[in-house]
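Quick look at upload20.pdb (PDB, C-alpha atoms, pLDDT in the B column):
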```pdb
ATOM      1  CA  MET A  10       0.547  12.999  -0.337  1.00 42.00           C
ATOM      2  CA  SER A  11      -0.202  11.184  -3.568  1.00 44.00           C
ATOM      3  CA  SER A  12      -3.656   9.638  -3.760  1.00 47.00           C
ATOM      4  CA  SER A  13      -2.272   6.977  -6.075  1.00 76.00           C
ATOM      5  CA  ARG A  14      -0.001   5.393  -3.463  1.00 90.00           C
ATOM      6  CA  GLN A  15      -0.627   1.697  -2.864  1.00 95.00           C
ATOM      7  CA  ILE A  16       1.078  -0.337  -0.149  1.00 96.00           C
ATOM      8  CA  CYS A  17       0.975  -4.016  -1.083  1.00 96.00           C
ATOM      9  CA  VAL A  18       2.004  -6.529   1.584  1.00 97.00           C
ATOM     10  CA  PHE A  19       2.906 -10.122   0.717  1.00 96.00           C
ATOM     11  CA  PRO A  20       3.426 -13.126   3.011  1.00 95.00           C
ATOM     12  CA  SER A  21       7.033 -13.646   1.905  1.00 92.00           C
ATOM     13  CA  PRO A  22       9.667 -12.421  -0.565  1.00 92.00           C
ATOM     14  CA  ALA A  23       8.702 -15.288  -2.904  1.00 91.00           C
ATOM     15  CA  GLU A  24       5.131 -14.038  -3.364  1.00 92.00           C
ATOM     16  CA  LEU A  25       6.402 -10.487  -3.655  1.00 94.00           C
ATOM     17  CA  ALA A  26       8.887 -11.498  -6.354  1.00 93.00           C
ATOM     18  CA  LEU A  27       6.247 -13.343  -8.334  1.00 93.00           C
ATOM     19  CA  SER A  28       3.907 -10.368  -8.203  1.00 94.00           C
ATOM     20  CA  LEU A  29       6.661  -7.967  -9.242  1.00 95.00           C
ATOM     21  CA  SER A  30       7.467 -10.159 -12.234  1.00 95.00           C
ATOM     22  CA  GLN A  31       3.787 -10.290 -13.173  1.00 94.00           C
ATOM     23  CA  LEU A  32       3.630  -6.499 -12.910  1.00 96.00           C
ATOM     24  CA  LEU A  33       6.564  -6.202 -15.324  1.00 96.00           C
ATOM     25  CA  VAL A  34       4.750  -8.453 -17.801  1.00 94.00           C
ATOM     26  CA  HIS A  35       1.543  -6.451 -17.474  1.00 94.00           C
ATOM     27  CA  GLU A  36       3.165  -3.038 -17.832  1.00 95.00           C
ATOM     28  CA  SER A  37       5.306  -4.034 -20.831  1.00 95.00           C
ATOM     29  CA  GLN A  38       2.578  -5.830 -22.804  1.00 90.00           C
ATOM     30  CA  GLY A  39       1.357  -4.236 -26.006  1.00 83.00           C
ATOM     31  CA  THR A  40       4.265  -1.849 -26.442  1.00 85.00           C
ATOM     32  CA  CYS A  41       7.268  -2.082 -28.738  1.00 85.00           C
ATOM     33  CA  SER A  42       9.353   0.027 -26.368  1.00 93.00           C
ATOM     34  CA  PHE A  43       9.469  -0.449 -22.603  1.00 97.00           C
ATOM     35  CA  ARG A  44      11.937   1.687 -20.684  1.00 97.00           C
ATOM     36  CA  LEU A  45      12.836   0.442 -17.233  1.00 98.00           C
ATOM     37  CA  ALA A  46      15.172   1.707 -14.499  1.00 98.00           C
ATOM     38  CA  LEU A  47      16.412  -0.889 -12.035  1.00 98.00           C
ATOM     39  CA  SER A  48      18.179  -0.852  -8.700  1.00 97.00           C
ATOM     40  CA  GLY A  49      20.748  -3.368  -7.515  1.00 95.00           C
ATOM     41  CA  GLY A  50      21.157  -5.319  -4.309  1.00 91.00           C
ATOM     42  CA  SER A  51      18.661  -8.080  -3.597  1.00 90.00           C
ATOM     43  CA  LEU A  52      16.545  -7.056  -6.599  1.00 94.00           C
ATOM     44  CA  VAL A  53      19.081  -8.689  -8.915  1.00 94.00           C
ATOM     45  CA  GLN A  54      18.577 -12.121  -7.370  1.00 92.00           C
ATOM     46  CA  LEU A  55      14.822 -11.601  -7.094  1.00 92.00           C
ATOM     47  CA  LEU A  56      14.372 -10.825 -10.795  1.00 93.00           C
ATOM     48  CA  SER A  57      16.875 -13.447 -11.943  1.00 93.00           C
ATOM     49  CA  ARG A  58      14.953 -16.084 -10.020  1.00 92.00           C
ATOM     50  CA  GLU A  59      11.391 -15.120 -10.926  1.00 92.00           C
ATOM     51  CA  LEU A  60      11.391 -13.529 -14.386  1.00 92.00           C
ATOM     52  CA  PRO A  61      12.274 -16.741 -16.274  1.00 91.00           C
ATOM     53  CA  LYS A  62       9.249 -18.455 -14.701  1.00 90.00           C
ATOM     54  CA  THR A  63       6.757 -15.700 -15.529  1.00 91.00           C
ATOM     55  CA  ALA A  64       4.159 -16.493 -18.179  1.00 90.00           C
ATOM     56  CA  GLY A  65       3.683 -14.026 -21.002  1.00 91.00           C
ATOM     57  CA  LEU A  66       7.040 -12.328 -20.641  1.00 91.00           C
ATOM     58  CA  ASN A  67       8.368 -10.664 -23.797  1.00 91.00           C
ATOM     59  CA  THR A  68      11.456  -8.543 -23.232  1.00 94.00           C
ATOM     60  CA  ALA A  69      12.274  -7.870 -26.898  1.00 92.00           C
ATOM     61  CA  GLY A  70      11.421  -4.176 -26.668  1.00 93.00           C
ATOM     62  CA  TRP A  71      12.962  -3.524 -23.266  1.00 97.00           C
ATOM     63  CA  LYS A  72      15.682  -0.981 -22.594  1.00 97.00           C
ATOM     64  CA  VAL A  73      17.095  -1.125 -19.085  1.00 98.00           C
ATOM     65  CA  ALA A  74      18.868   1.710 -17.304  1.00 98.00           C
ATOM     66  CA  PHE A  75      19.855   2.000 -13.654  1.00 98.00           C
ATOM     67  CA  CYS A  76      18.579   4.206 -10.850  1.00 98.00           C
ATOM     68  CA  ASP A  77      22.158   4.576  -9.689  1.00 98.00           C
ATOM     69  CA  GLU A  78      25.491   2.945 -10.333  1.00 98.00           C
ATOM     70  CA  ARG A  79      28.786   2.623  -8.526  1.00 97.00           C
ATOM     71  CA  LEU A  80      31.883   3.899 -10.310  1.00 98.00           C
ATOM     72  CA  VAL A  81      33.687   0.562 -10.314  1.00 98.00           C
ATOM     73  CA  PRO A  82      34.602  -1.863 -13.126  1.00 97.00           C
ATOM     74  CA  PHE A  83      31.780  -4.109 -14.311  1.00 97.00           C
ATOM     75  CA  SER A  84      33.791  -7.065 -13.032  1.00 97.00           C
ATOM     76  CA  ASP A  85      33.561  -5.691  -9.471  1.00 97.00           C
ATOM     77  CA  PRO A  86      30.849  -7.278  -7.274  1.00 95.00           C
ATOM     78  CA  GLU A  87      29.764  -3.731  -6.344  1.00 96.00           C
ATOM     79  CA  SER A  88      28.769  -2.984  -9.958  1.00 97.00           C
ATOM     80  CA  THR A  89      25.004  -3.128 -10.375  1.00 97.00           C
ATOM     81  CA  TYR A  90      25.207  -3.708 -14.113  1.00 98.00           C
ATOM     82  CA  GLY A  91      27.926  -6.287 -13.508  1.00 97.00           C
ATOM     83  CA  GLU A  92      25.595  -8.272 -11.256  1.00 97.00           C
ATOM     84  CA  TYR A  93      22.775  -8.232 -13.824  1.00 97.00           C
ATOM     85  CA  LYS A  94      25.264  -9.203 -16.508  1.00 96.00           C
ATOM     86  CA  ARG A  95      26.423 -12.169 -14.436  1.00 96.00           C
ATOM     87  CA  GLN A  96      23.024 -13.295 -13.120  1.00 95.00           C
ATOM     88  CA  LEU A  97      20.278 -12.227 -15.535  1.00 94.00           C
ATOM     89  CA  VAL A  98      21.854 -11.958 -18.990  1.00 95.00           C
ATOM     90  CA  PRO A  99      22.957 -15.643 -19.124  1.00 96.00           C
ATOM     91  CA  LEU A 100      19.292 -16.661 -18.722  1.00 93.00           C
ATOM     92  CA  GLY A 101      18.617 -15.338 -22.217  1.00 92.00           C
ATOM     93  CA  LEU A 102      15.879 -12.878 -21.252  1.00 91.00           C
ATOM     94  CA  LEU A 103      17.888  -9.738 -21.968  1.00 94.00           C
ATOM     95  CA  SER A 104      20.988  -9.087 -24.023  1.00 95.00           C
ATOM     96  CA  GLU A 105      23.840  -6.811 -23.020  1.00 96.00           C
ATOM     97  CA  SER A 106      22.825  -4.402 -25.795  1.00 97.00           C
ATOM     98  CA  GLN A 107      19.503  -3.753 -24.024  1.00 97.00           C
ATOM     99  CA  PHE A 108      21.236  -2.182 -21.012  1.00 98.00           C
ATOM    100  CA  VAL A 109      22.188   1.479 -20.783  1.00 98.00           C
ATOM    101  CA  THR A 110      25.372   1.599 -18.728  1.00 98.00           C
ATOM    102  CA  ILE A 111      27.814   4.122 -17.347  1.00 98.00           C
ATOM    103  CA  ASP A 112      31.416   4.353 -18.499  1.00 98.00           C
ATOM    104  CA  PRO A 113      33.264   3.366 -15.305  1.00 97.00           C
ATOM    105  CA  THR A 114      36.625   4.463 -16.729  1.00 97.00           C
ATOM    106  CA  LEU A 115      35.655   8.153 -16.594  1.00 98.00           C
ATOM    107  CA  PRO A 116      36.004  10.505 -13.616  1.00 98.00           C
ATOM    108  CA  VAL A 117      32.725  10.622 -11.716  1.00 98.00           C
ATOM    109  CA  GLU A 118      31.621  14.036 -12.998  1.00 98.00           C
ATOM    110  CA  GLU A 119      32.298  13.001 -16.601  1.00 98.00           C
ATOM    111  CA  ALA A 120      30.604   9.665 -16.025  1.00 98.00           C
ATOM    112  CA  ALA A 121      27.444  11.508 -14.980  1.00 98.00           C
ATOM    113  CA  VAL A 122      27.551  13.690 -18.106  1.00 98.00           C
ATOM    114  CA  ASP A 123      28.151  10.641 -20.311  1.00 98.00           C
ATOM    115  CA  TYR A 124      25.280   8.725 -18.717  1.00 98.00           C
ATOM    116  CA  THR A 125      23.008  11.758 -19.141  1.00 97.00           C
ATOM    117  CA  LYS A 126      23.772  11.786 -22.877  1.00 97.00           C
ATOM    118  CA  LYS A 127      22.969   8.091 -23.142  1.00 97.00           C
ATOM    119  CA  LEU A 128      19.626   8.616 -21.418  1.00 97.00           C
ATOM    120  CA  GLN A 129      18.851  11.567 -23.691  1.00 95.00           C
ATOM    121  CA  GLU A 130      19.405   9.246 -26.651  1.00 95.00           C
ATOM    122  CA  LEU A 131      16.987   6.775 -25.054  1.00 96.00           C
ATOM    123  CA  PHE A 132      14.396   9.544 -24.600  1.00 96.00           C
ATOM    124  CA  PRO A 133      14.854  11.741 -27.688  1.00 92.00           C
ATOM    125  CA  GLY A 134      13.098  15.070 -27.542  1.00 86.00           C
ATOM    126  CA  ASP A 135      12.245  14.822 -23.836  1.00 85.00           C
ATOM    127  CA  ASP A 136      13.678  17.429 -21.465  1.00 87.00           C
ATOM    128  CA  LEU A 137      13.261  14.899 -18.677  1.00 93.00           C
ATOM    129  CA  PRO A 138      13.346  11.118 -19.197  1.00 96.00           C
ATOM    130  CA  VAL A 139       9.967   9.545 -18.482  1.00 97.00           C
ATOM    131  CA  PHE A 140      10.564   5.908 -17.579  1.00 98.00           C
ATOM    132  CA  ASP A 141       7.702   3.465 -17.925  1.00 97.00           C
ATOM    133  CA  LEU A 142       8.727   1.864 -14.638  1.00 98.00           C
ATOM    134  CA  VAL A 143      11.327   2.583 -11.966  1.00 98.00           C
ATOM    135  CA  ILE A 144      12.089  -0.029  -9.297  1.00 98.00           C
ATOM    136  CA  LEU A 145      13.754   1.290  -6.150  1.00 98.00           C
ATOM    137  CA  GLY A 146      15.105  -0.175  -2.953  1.00 97.00           C
ATOM    138  CA  ILE A 147      15.463   1.427   0.461  1.00 96.00           C
ATOM    139  CA  GLY A 148      18.459   1.593   2.752  1.00 94.00           C
ATOM    140  CA  PRO A 149      18.157   1.326   6.543  1.00 93.00           C
ATOM    141  CA  ASP A 150      18.797   5.081   6.706  1.00 95.00           C
ATOM    142  CA  GLY A 151      15.966   5.845   4.278  1.00 96.00           C
ATOM    143  CA  HIS A 152      18.163   6.445   1.246  1.00 97.00           C
ATOM    144  CA  THR A 153      17.081   5.334  -2.199  1.00 97.00           C
ATOM    145  CA  ALA A 154      19.133   5.162  -5.399  1.00 97.00           C
ATOM    146  CA  SER A 155      22.234   7.097  -4.275  1.00 97.00           C
ATOM    147  CA  LEU A 156      20.221   9.881  -2.690  1.00 98.00           C
ATOM    148  CA  PHE A 157      21.180  10.002   0.982  1.00 97.00           C
ATOM    149  CA  PRO A 158      19.625  11.812   3.966  1.00 96.00           C
ATOM    150  CA  GLY A 159      20.792  15.394   4.331  1.00 95.00           C
ATOM    151  CA  HIS A 160      22.835  15.297   1.121  1.00 95.00           C
ATOM    152  CA  PRO A 161      22.840  18.307  -1.256  1.00 95.00           C
ATOM    153  CA  LEU A 162      21.831  16.038  -4.158  1.00 96.00           C
ATOM    154  CA  LEU A 163      18.305  15.978  -2.725  1.00 97.00           C
ATOM    155  CA  GLN A 164      17.964  19.609  -3.847  1.00 96.00           C
ATOM    156  CA  VAL A 165      19.232  19.103  -7.418  1.00 97.00           C
ATOM    157  CA  THR A 166      16.567  19.994  -9.966  1.00 95.00           C
ATOM    158  CA  ASP A 167      18.595  20.904 -13.055  1.00 95.00           C
ATOM    159  CA  LYS A 168      20.249  17.553 -13.807  1.00 96.00           C
ATOM    160  CA  VAL A 169      19.081  14.190 -15.088  1.00 97.00           C
ATOM    161  CA  VAL A 170      22.037  12.344 -13.569  1.00 98.00           C
ATOM    162  CA  ALA A 171      24.128  13.655 -10.687  1.00 98.00           C
ATOM    163  CA  PRO A 172      27.612  12.564  -9.585  1.00 98.00           C
ATOM    164  CA  ILE A 173      28.352  11.795  -5.968  1.00 97.00           C
ATOM    165  CA  SER A 174      31.906  11.427  -4.686  1.00 97.00           C
ATOM    166  CA  ASP A 175      31.210  11.324  -0.941  1.00 94.00           C
ATOM    167  CA  SER A 176      28.643   8.565  -0.602  1.00 94.00           C
ATOM    168  CA  PRO A 177      28.255   7.621   3.079  1.00 93.00           C
ATOM    169  CA  LYS A 178      27.871   4.044   1.891  1.00 91.00           C
ATOM    170  CA  PRO A 179      30.885   2.644   0.018  1.00 93.00           C
ATOM    171  CA  PRO A 180      32.002   2.815  -2.677  1.00 94.00           C
ATOM    172  CA  PRO A 181      32.072   6.618  -2.389  1.00 96.00           C
ATOM    173  CA  GLN A 182      31.926   7.491  -6.106  1.00 98.00           C
ATOM    174  CA  ARG A 183      28.595   6.924  -7.863  1.00 98.00           C
ATOM    175  CA  VAL A 184      26.126   8.442 -10.291  1.00 98.00           C
ATOM    176  CA  THR A 185      22.399   8.610  -9.558  1.00 98.00           C
ATOM    177  CA  LEU A 186      19.146   9.627 -11.162  1.00 98.00           C
ATOM    178  CA  THR A 187      17.871  12.811  -9.570  1.00 98.00           C
ATOM    179  CA  LEU A 188      14.524  13.162  -7.806  1.00 98.00           C
ATOM    180  CA  PRO A 189      12.874  15.036 -10.712  1.00 98.00           C
ATOM    181  CA  VAL A 190      13.636  12.110 -13.038  1.00 98.00           C
ATOM    182  CA  ILE A 191      12.386   9.503 -10.575  1.00 98.00           C
ATOM    183  CA  ASN A 192       9.229  11.517  -9.960  1.00 97.00           C
ATOM    184  CA  ALA A 193       8.603  11.900 -13.702  1.00 97.00           C
ATOM    185  CA  ALA A 194       8.174   8.120 -14.138  1.00 97.00           C
ATOM    186  CA  LYS A 195       4.850   6.592 -15.146  1.00 96.00           C
ATOM    187  CA  MET A 196       5.173   4.118 -12.288  1.00 97.00           C
ATOM    188  CA  VAL A 197       7.559   3.752  -9.350  1.00 98.00           C
ATOM    189  CA  VAL A 198       7.754   0.578  -7.284  1.00 98.00           C
ATOM    190  CA  PHE A 199       9.625   0.379  -3.994  1.00 98.00           C
ATOM    191  CA  VAL A 200      10.660  -3.116  -2.915  1.00 97.00           C
ATOM    192  CA  ALA A 201      11.577  -3.816   0.715  1.00 97.00           C
ATOM    193  CA  THR A 202      11.757  -7.078   2.632  1.00 95.00           C
ATOM    194  CA  GLY A 203      12.743  -8.176   6.110  1.00 95.00           C
ATOM    195  CA  GLU A 204      12.075  -6.894   9.619  1.00 95.00           C
ATOM    196  CA  GLY A 205      15.242  -4.808   9.446  1.00 95.00           C
ATOM    197  CA  LYS A 206      13.330  -2.369   7.220  1.00 96.00           C
ATOM    198  CA  ALA A 207      10.252  -2.124   9.475  1.00 96.00           C
ATOM    199  CA  THR A 208      11.246   0.916  11.544  1.00 96.00           C
ATOM    200  CA  ILE A 209      12.478   3.021   8.634  1.00 97.00           C
ATOM    201  CA  LEU A 210       9.393   2.125   6.584  1.00 97.00           C
ATOM    202  CA  LYS A 211       7.141   3.463   9.337  1.00 96.00           C
ATOM    203  CA  ARG A 212       9.051   6.746   9.264  1.00 95.00           C
ATOM    204  CA  ILE A 213       8.861   6.947   5.467  1.00 96.00           C
ATOM    205  CA  LEU A 214       5.225   5.944   5.066  1.00 95.00           C
ATOM    206  CA  GLN A 215       3.700   7.466   8.195  1.00 93.00           C
ATOM    207  CA  GLY A 216       6.116  10.131   9.334  1.00 85.00           C
ATOM    208  CA  GLU A 217       5.422  13.855   9.087  1.00 80.00           C
ATOM    209  CA  GLU A 218       9.015  15.049   9.138  1.00 80.00           C
ATOM    210  CA  SER A 219      10.056  18.593   8.284  1.00 82.00           C
ATOM    211  CA  ASP A 220      13.061  17.209   6.390  1.00 88.00           C
ATOM    212  CA  PRO A 221      11.685  14.019   4.779  1.00 93.00           C
ATOM    213  CA  LEU A 222      13.957  11.074   4.165  1.00 96.00           C
ATOM    214  CA  PRO A 223      14.976  10.577   0.514  1.00 97.00           C
ATOM    215  CA  ALA A 224      12.566   7.692  -0.074  1.00 97.00           C
ATOM    216  CA  ALA A 225       9.719   9.800   1.349  1.00 96.00           C
ATOM    217  CA  ARG A 226      10.406  12.429  -1.324  1.00 96.00           C
ATOM    218  CA  VAL A 227       9.470  10.014  -4.112  1.00 97.00           C
ATOM    219  CA  TYR A 228       5.965  10.779  -5.368  1.00 94.00           C
ATOM    220  CA  PRO A 229       5.474  10.530  -9.129  1.00 96.00           C
ATOM    221  CA  VAL A 230       3.994  13.758 -10.476  1.00 95.00           C
ATOM    222  CA  HIS A 231       1.654  12.021 -12.913  1.00 92.00           C
ATOM    223  CA  GLY A 232       2.374   8.348 -12.266  1.00 94.00           C
ATOM    224  CA  LYS A 233       1.590   5.603  -9.780  1.00 96.00           C
ATOM    225  CA  LEU A 234       3.525   4.772  -6.624  1.00 97.00           C
ATOM    226  CA  LEU A 235       3.535   1.193  -5.365  1.00 97.00           C
ATOM    227  CA  TRP A 236       5.196  -0.216  -2.283  1.00 97.00           C
ATOM    228  CA  PHE A 237       5.871  -3.965  -2.385  1.00 97.00           C
ATOM    229  CA  LEU A 238       6.647  -5.193   1.134  1.00 97.00           C
ATOM    230  CA  ASP A 239       6.755  -8.553   2.826  1.00 95.00           C
ATOM    231  CA  GLU A 240       5.003  -8.997   6.184  1.00 96.00           C
ATOM    232  CA  PRO A 241       8.129  -8.597   8.356  1.00 97.00           C
ATOM    233  CA  ALA A 242       8.975  -5.299   6.644  1.00 97.00           C
ATOM    234  CA  ALA A 243       5.408  -4.021   7.095  1.00 96.00           C
ATOM    235  CA  ARG A 244       4.922  -5.159  10.686  1.00 96.00           C
ATOM    236  CA  GLU A 245       5.103  -1.679  12.270  1.00 96.00           C
ATOM    237  CA  LEU A 246       2.727   0.024   9.820  1.00 95.00           C
ATOM    238  CA  THR A 247      -0.672   1.157  11.062  1.00 93.00           C
ATOM    239  CA  CYS A 248      -1.707   2.947   7.857  1.00 91.00           C
ATOM    240  CA  PRO A 249      -4.004   1.199   5.345  1.00 87.00           C
ATOM    241  CA  VAL A 250      -2.322  -1.568   3.366  1.00 91.00           C
ATOM    242  CA  GLU A 251      -3.476  -4.140   0.830  1.00 90.00           C
ATOM    243  CA  LYS A 252      -2.669  -7.750   1.699  1.00 88.00           C
ATOM    244  CA  HIS A 253      -1.983 -10.080  -1.202  1.00 83.00           C
ATOM    245  CA  SER A 254      -0.871 -13.620  -1.783  1.00 76.00           C
ATOM    246  CA  VAL A 255      -0.055 -12.647  -5.351  1.00 63.00           C
ATOM    247  CA  LEU A 256      -1.443  -9.792  -7.409  1.00 58.00           C
TER     248      LEU A 256
END
```
Can I see the file as structure tokens?
Amino acid sequence: MSSSRQICVFPSPAELALSLSQLLVHESQGTCSFRLALSGGSLVQLLSRELPKTAGLNTAGWKVAFCDERLVPFSDPESTYGEYKRQLVPLGLLSESQFVTIDPTLPVEEAAVDYTKKLQELFPGDDLPVFDLVILGIGPDGHTASLFPGHPLLQVTDKVVAPISDSPKPPPQRVTLTLPVINAAKMVVFVATGEGKATILKRILQGEESDPLPAARVYPVHGKLLWFLDEPAARELTCPVEKHSVL
């Protein structure tokens, strides 16, 4: 187990969101290039609401990729990039050119190859992309990105991006960063809110399972691992946690 794991518990999603935005400011300060991988879902609304209010934010050097993406048109509500394009881009913090996106018109295997090439261009000379920060969510089954319990993709070590055509959560066709890429990041932050996540979080953070859930397999090799939870999500944990109002 990584000694660098921190579990940060906030009174509500609002305090969590503010602290996450402040973390983004802190981690991106003083660099001309900040490479970030984002998840979708509730994180889109969280960042769209809080980032514009965060003091000291300078996104000029940001490049934003995605931890996973659904193979649907960007106009589809299921498209992660589409949601950021609709909710975050109009706020003027990031331009469309700062996002690294899939080509949703390609077959899923080709889309994964194409996205791999785009990431290799973002990380020239690196065998494995090393993101400055990766922000992940958690499903009620313990999946993260599009890495699902018991799925063969959990064993993939020779790809940067893997295709999945049988996702147990629709839509079935997706591409996802592999575990080696996620675990190569300088910092990984999991974000989970609500009492509906409490039981699965106890399994992930305190379980000693022979076949760990996907989210439990995330431990950066050389980076930091942070868990940002609100109090309802953390209510079943008995392991040490840090309680914050804001960071």
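Our summary of the geometry notes that atom CA of A:Phe237 is positioned 10.1 Å from atom CA of A:Glu24.
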Task: Gap from atom CA of A:Leu102 to atom CA of A:Ala120 - Å, one decimal - done: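 Distance reported for this atom pair: 27.4 Å.
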- [ ] Could you tell me how far atom CA of A:Asp239 lies from atom CA of A:Pro20, in Å and to one decimal?
- [x]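 Between atom CA of A:Asp239 and atom CA of A:Pro20 the gap works out to 5.7 Å.
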Please provide the set of residues having any atom within 6 Å of stretch 213-227 of chain A, restricted to all atoms listed in the file, with same-chain residues fewer than 4 positions apart removed, written as a PDB file with C-alpha atoms, in the frame of the given file.
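Listing of out-v6.pdb after writing:
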```
ATOM      1  CA  GLY A 151      15.966   5.845   4.278  1.00 96.00           C
ATOM      2  CA  HIS A 152      18.163   6.445   1.246  1.00 97.00           C
ATOM      3  CA  THR A 153      17.081   5.334  -2.199  1.00 97.00           C
ATOM      4  CA  PRO A 158      19.625  11.812   3.966  1.00 96.00           C
TER       5      PRO A 158
END
```
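Residue neighbourhood of A:Leu234, excluding near-sequence residues (fewer than 2 positions): Ser13, Arg14, Gln15, Met196, Val197, Val198, Phe199, Tyr228, Pro229, Gly232 and Trp236 of chain A, at 8 Å, using only C-alpha atoms.
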